[in-house]
>>> print(open('start.txt').read())   # compact mmCIF, C-alpha atoms and all ligand atoms
# COMPACT_ATOMS: atom_id res chain seq x y z
CA MET O 278 -30.07 -26.41 19.06
CA HIS O 279 -29.87 -30.20 19.28
CA LYS O 280 -27.12 -31.47 21.54
CA VAL O 281 -27.77 -35.19 21.25
CA SER O 282 -29.08 -37.20 18.30
CA VAL O 283 -30.57 -40.68 18.29
CA LEU O 284 -31.27 -42.91 15.27
CA PHE O 285 -33.32 -46.10 15.66
CA VAL O 286 -32.67 -48.80 13.08
CA CYS O 287 -34.54 -51.99 12.14
CA LEU O 288 -34.92 -53.96 8.91
CA GLY O 289 -37.89 -52.39 7.10
CA ASN O 290 -38.32 -49.11 9.01
CA ILE O 291 -42.07 -49.68 9.06
CA CYS O 292 -42.61 -51.59 12.34
CA ARG O 293 -40.03 -51.56 15.13
CA SER O 294 -37.90 -48.46 14.50
CA PRO O 295 -40.90 -46.18 13.74
CA THR O 296 -42.43 -47.38 17.03
CA ALA O 297 -39.19 -46.47 18.81
CA HIS O 298 -39.04 -43.16 16.91
CA GLY O 299 -42.58 -42.17 17.91
CA VAL O 300 -42.45 -43.37 21.50
CA PHE O 301 -39.01 -41.93 22.26
CA GLN O 302 -39.90 -38.63 20.55
CA GLY O 303 -43.05 -38.48 22.68
CA MET O 304 -41.05 -39.00 25.87
CA VAL O 305 -38.45 -36.44 24.80
CA ASN O 306 -41.20 -33.90 24.11
CA SER O 307 -42.91 -34.62 27.44
CA ALA O 308 -39.61 -34.06 29.21
CA GLY O 309 -39.33 -30.66 27.49
CA LEU O 310 -36.24 -31.82 25.57
CA GLY O 311 -37.59 -31.58 22.03
CA ASP O 312 -35.07 -28.88 21.10
CA ILE O 313 -32.18 -30.72 22.74
CA ILE O 314 -32.57 -34.32 21.55
CA ARG O 315 -33.04 -35.10 17.87
CA VAL O 316 -34.81 -38.39 17.01
CA ASP O 317 -35.00 -40.27 13.72
CA SER O 318 -35.34 -43.83 12.38
CA ALA O 319 -34.19 -45.81 9.34
CA GLY O 320 -34.00 -49.34 7.95
CA THR O 321 -31.24 -51.58 6.63
CA GLY O 322 -33.55 -52.94 3.88
CA ASP O 323 -34.95 -50.94 0.96
CA TRP O 324 -38.35 -52.60 0.31
CA HIS O 325 -40.44 -49.94 2.01
CA ILE O 326 -38.62 -46.67 1.28
CA GLY O 327 -41.12 -43.80 1.38
CA HIS O 328 -43.85 -45.91 2.99
CA SER O 329 -45.82 -45.04 6.12
CA PRO O 330 -45.53 -47.33 9.13
CA ASP O 331 -47.29 -50.70 8.88
CA GLN O 332 -51.03 -50.43 9.70
CA ARG O 333 -50.70 -52.84 12.62
CA THR O 334 -47.80 -50.84 14.06
CA ALA O 335 -49.65 -47.54 13.64
CA GLN O 336 -52.78 -49.02 15.24
CA VAL O 337 -51.04 -50.22 18.39
CA ALA O 338 -49.16 -46.94 18.74
CA GLN O 339 -52.41 -44.99 18.26
CA THR O 340 -54.19 -46.88 21.05
CA LYS O 341 -51.25 -46.07 23.36
CA GLY O 342 -51.36 -42.39 22.47
CA TYR O 343 -48.59 -42.07 19.89
CA ASP O 344 -49.18 -40.76 16.37
CA LEU O 345 -46.85 -42.26 13.72
CA THR O 346 -48.69 -40.88 10.66
CA ASP O 347 -45.98 -38.43 9.58
CA LEU O 348 -43.18 -41.02 9.56
CA ARG O 349 -41.80 -42.37 6.25
CA ALA O 350 -39.36 -45.22 5.79
CA ARG O 351 -35.82 -44.52 4.64
CA LEU O 352 -32.56 -46.41 4.35
CA VAL O 353 -29.77 -46.00 6.88
CA THR O 354 -26.62 -44.65 5.18
CA THR O 355 -22.98 -44.17 6.13
CA ASP O 356 -23.69 -40.42 6.34
CA ASP O 357 -25.93 -41.14 9.33
CA PHE O 358 -22.86 -41.90 11.42
CA ALA O 359 -21.72 -38.31 10.96
CA GLU O 360 -25.14 -37.09 12.12
CA PHE O 361 -26.10 -39.32 15.03
CA ASP O 362 -24.50 -39.81 18.47
CA TYR O 363 -26.57 -42.93 19.13
CA VAL O 364 -27.31 -45.51 16.44
CA ILE O 365 -29.61 -48.04 18.06
CA ALA O 366 -30.38 -51.47 16.62
CA MET O 367 -33.53 -53.48 17.28
CA ASP O 368 -31.93 -56.90 16.78
CA LYS O 369 -28.55 -58.53 16.35
CA ALA O 370 -28.80 -58.70 12.57
CA ASN O 371 -29.38 -54.91 12.45
CA LEU O 372 -26.46 -54.44 14.86
CA SER O 373 -24.16 -56.53 12.71
CA ASP O 374 -25.17 -54.59 9.56
CA LEU O 375 -24.54 -51.27 11.33
CA LYS O 376 -21.14 -52.37 12.57
CA ASP O 377 -20.22 -53.33 9.00
CA MET O 378 -21.26 -49.86 7.77
CA GLN O 379 -19.74 -47.81 10.56
CA PRO O 380 -16.80 -45.56 9.57
CA ALA O 381 -13.54 -46.42 11.35
CA ASP O 382 -13.50 -43.02 13.07
CA TYR O 383 -17.09 -43.16 14.43
CA ARG O 384 -17.05 -42.09 18.07
CA GLY O 385 -20.75 -42.48 18.86
CA HIS O 386 -22.65 -45.36 20.41
CA ILE O 387 -23.87 -48.35 18.45
CA SER O 388 -25.86 -50.76 20.58
CA LEU O 389 -28.89 -52.96 20.92
CA PHE O 390 -31.92 -50.99 22.06
CA LEU O 391 -32.84 -53.43 24.83
CA ASP O 392 -29.41 -52.95 26.42
CA PHE O 393 -31.02 -49.77 27.81
CA SER O 394 -33.95 -51.71 29.26
CA GLU O 395 -33.81 -52.34 33.00
CA GLN O 396 -35.98 -55.39 33.31
CA SER O 397 -36.44 -56.83 29.85
CA SER O 398 -36.76 -60.56 29.45
CA HIS O 399 -35.71 -60.11 25.82
CA SER O 400 -32.34 -59.06 24.41
CA GLU O 401 -33.75 -58.12 20.98
CA VAL O 402 -36.97 -56.51 19.74
CA PRO O 403 -38.42 -59.37 17.66
CA ASP O 404 -39.44 -58.72 14.05
CA PRO O 405 -43.29 -58.71 14.11
CA TYR O 406 -43.87 -58.41 10.35
CA TYR O 407 -44.87 -61.98 9.52
CA GLY O 408 -46.41 -62.79 12.90
CA GLY O 409 -49.74 -62.17 14.64
CA GLU O 410 -51.16 -59.14 16.41
CA ASN O 411 -49.50 -60.07 19.70
CA GLY O 412 -46.10 -59.38 18.16
CA PHE O 413 -46.96 -55.73 17.68
CA GLU O 414 -48.09 -55.35 21.27
CA LEU O 415 -44.87 -57.00 22.44
CA VAL O 416 -42.79 -54.66 20.25
CA PHE O 417 -44.59 -51.67 21.75
CA ASN O 418 -44.05 -52.81 25.33
CA LEU O 419 -40.36 -53.60 24.81
CA VAL O 420 -39.86 -50.27 23.03
CA GLU O 421 -41.63 -48.28 25.74
CA GLU O 422 -39.50 -49.78 28.50
CA ALA O 423 -36.21 -49.34 26.63
CA SER O 424 -37.13 -45.75 25.68
CA GLN O 425 -37.41 -44.84 29.35
CA GLY O 426 -34.02 -46.42 30.02
CA LEU O 427 -32.38 -44.68 27.07
CA LEU O 428 -33.75 -41.27 28.06
CA GLN O 429 -32.51 -41.75 31.63
CA TYR O 430 -29.10 -42.83 30.31
CA ILE O 431 -28.78 -39.75 28.08
CA GLN O 432 -29.96 -37.42 30.85
CA ALA O 433 -27.53 -38.99 33.33
CA LYS O 434 -24.66 -38.31 30.95
CA GLY O 435 -25.61 -34.65 31.00
CA LEU O 436 -27.34 -32.45 28.42
P1 LIG O 501 -39.36 -53.88 10.77
O1 LIG O 501 -40.26 -55.07 10.23
O2 LIG O 501 -37.91 -54.25 10.47
O3 LIG O 501 -39.63 -53.86 12.22
O4 LIG O 501 -39.81 -52.64 10.04
C1 LIG O 501 -40.19 -55.55 8.92
C2 LIG O 501 -40.90 -54.91 7.93
C3 LIG O 501 -40.88 -55.41 6.64
C4 LIG O 501 -40.11 -56.53 6.35
C5 LIG O 501 -39.40 -57.16 7.34
C6 LIG O 501 -39.43 -56.66 8.62
N1 LIG O 501 -40.12 -57.06 5.02
O5 LIG O 501 -39.52 -58.11 4.82
O6 LIG O 501 -40.70 -56.44 4.12
>>> encode(input="start.txt", output="structure tokens")
Amino acid sequence: MHKVSVLFVCLGNICRSPTAHGVFQGMVNSAGLGDIIRVDSAGTGDWHIGHSPDQRTAQVAQTKGYDLTDLRARLVTTDDFAEFDYVIAMDKANLSDLKDMQPADYRGHISLFLDFSEQSSHSEVPDPYYGGENGFELVFNLVEEASQGLLQYIQAKGL
């Protein structure tokens, strides 16, 4: 049975949060915690509902050993706050949107993903959608580092 649940949120749910979803899920599985920690992702915007991750995102993840093919974009909803202990935003705009949606009695954690990163030079995971290939590599690297920090944080709190 899942004891802890984590939802990653970005704008479109086709670049940054699916990367976080796939990478963090991979680390959770490798740590033997797949039955203990539930992982999901969603977006604040509705343009890509039902779509697979962006080709560029999927490509970078694939070369690093993570398969995102089964992921499909969905919208974050107020019901998610009843389901998830951690609702993790990629940038400050996502964070602001989530704080606006959050029920008054939500007792989970809403935070920026890179707050869990030990040595990040960035405070936000930058939106790569309209940029070049380098943006996708940067997203991956920031996500990988923060995923390690988040998993350590959750484990340190006790499972
Ligand atoms: P994401 O990137 O929030 O990391 O999934 C984006 C994807 C699509 C759009 C914006 C950002 N868009 O405007 O369609």
>>> residues_around(input="start.txt", residues="Glu410 of chain O", least_positions_apart="5", cutoff="9 Å", atoms="all atoms listed in the file", output="mmCIF file with C-alpha atoms, in the coordinates of the input")
data_model
loop_
_atom_site.group_PDB
_atom_site.id
_atom_site.type_symbol
_atom_site.label_atom_id
_atom_site.label_comp_id
_atom_site.auth_asym_id
_atom_site.auth_seq_id
_atom_site.Cartn_x
_atom_site.Cartn_y
_atom_site.Cartn_z
ATOM 1 C CA ARG O 333 -50.700 -52.840 12.620
ATOM 2 C CA PRO O 405 -43.290 -58.710 14.110
ATOM 3 C CA LEU O 415 -44.870 -57.000 22.440
#
>>> atom_distance(input="start.txt", atom1="atom CA of Gly342 of chain O", atom2="atom CA of Gln425 of chain O")
15.7 Å
>>> residues_near_ligand(input="start.txt", ligand="ligand LIG 501 (chain O)", cutoff="9 Å", atoms="all atoms listed in the file", output="number ranges by chain")
O: 286-296, 319-325, 330-331, 334, 350, 367, 371, 402-407, 416
>>> atom_distance(input="start.txt", atom1="atom CA of Glu421 of chain O", atom2="atom CA of Ala370 of chain O")
21.1 Å
>>> closest_residue(input="start.txt", among="O:Asp347, O:Glu422, O:Glu414, O:Asp357", to="Pro380 of chain O", atoms="all atoms listed in the file")
O:Asp357
>>> closest_residue(input="start.txt", among="O:Thr355, O:Ser329, O:Gln302, O:Ser398", to="Lys376 of chain O", atoms="only C-alpha atoms")
O:Thr355
>>> atom_distance(input="start.txt", atom1="atom CA of Asp368 of chain O", atom2="atom CA of Leu284 of chain O")
14.1 Å
>>> closest_residue(input="start.txt", among="O:Arg384, O:Ser307, O:Tyr343, O:Glu395", to="Glu360 of chain O", atoms="only C-alpha atoms")
O:Arg384
>>> residues_around(input="start.txt", residues="Leu427 of chain O", least_positions_apart="4", cutoff="9 Å", atoms="all atoms listed in the file", output="list in words")
Phe301, Phe390, Asp392, Phe393, Ser394, Glu422, Ala423, Ile431 and Gln432 of chain O
>>> closest_residue(input="start.txt", among="O:Ser424, O:Leu372, O:Asp377, O:Val337", to="Val305 of chain O", atoms="all atoms listed in the file")
O:Ser424
>>> residues_around(input="start.txt", residues="Asp356 of chain O", least_positions_apart="3", cutoff="12 Å", atoms="only C-alpha atoms", output="ChimeraX atom specification")
/O:284,352-353,359-361,364,375,378-380,383
>>> closest_residue(input="start.txt", among="O:His399, O:Lys341, O:Lys280, O:His328", to="Leu419 of chain O", atoms="only C-alpha atoms")
O:His399
>>> closest_residue(input="start.txt", among="O:Ala366, O:Gly385, O:His298, O:Gly311", to="Thr346 of chain O", atoms="only C-alpha atoms")
O:His298
>>> residues_near_point(input="start.txt", point="(-35.4, -31.5, 20.3)", cutoff="12 Å", atoms="only C-alpha atoms", output="ChimeraX atom specification")
/O:278-283,301-317,436
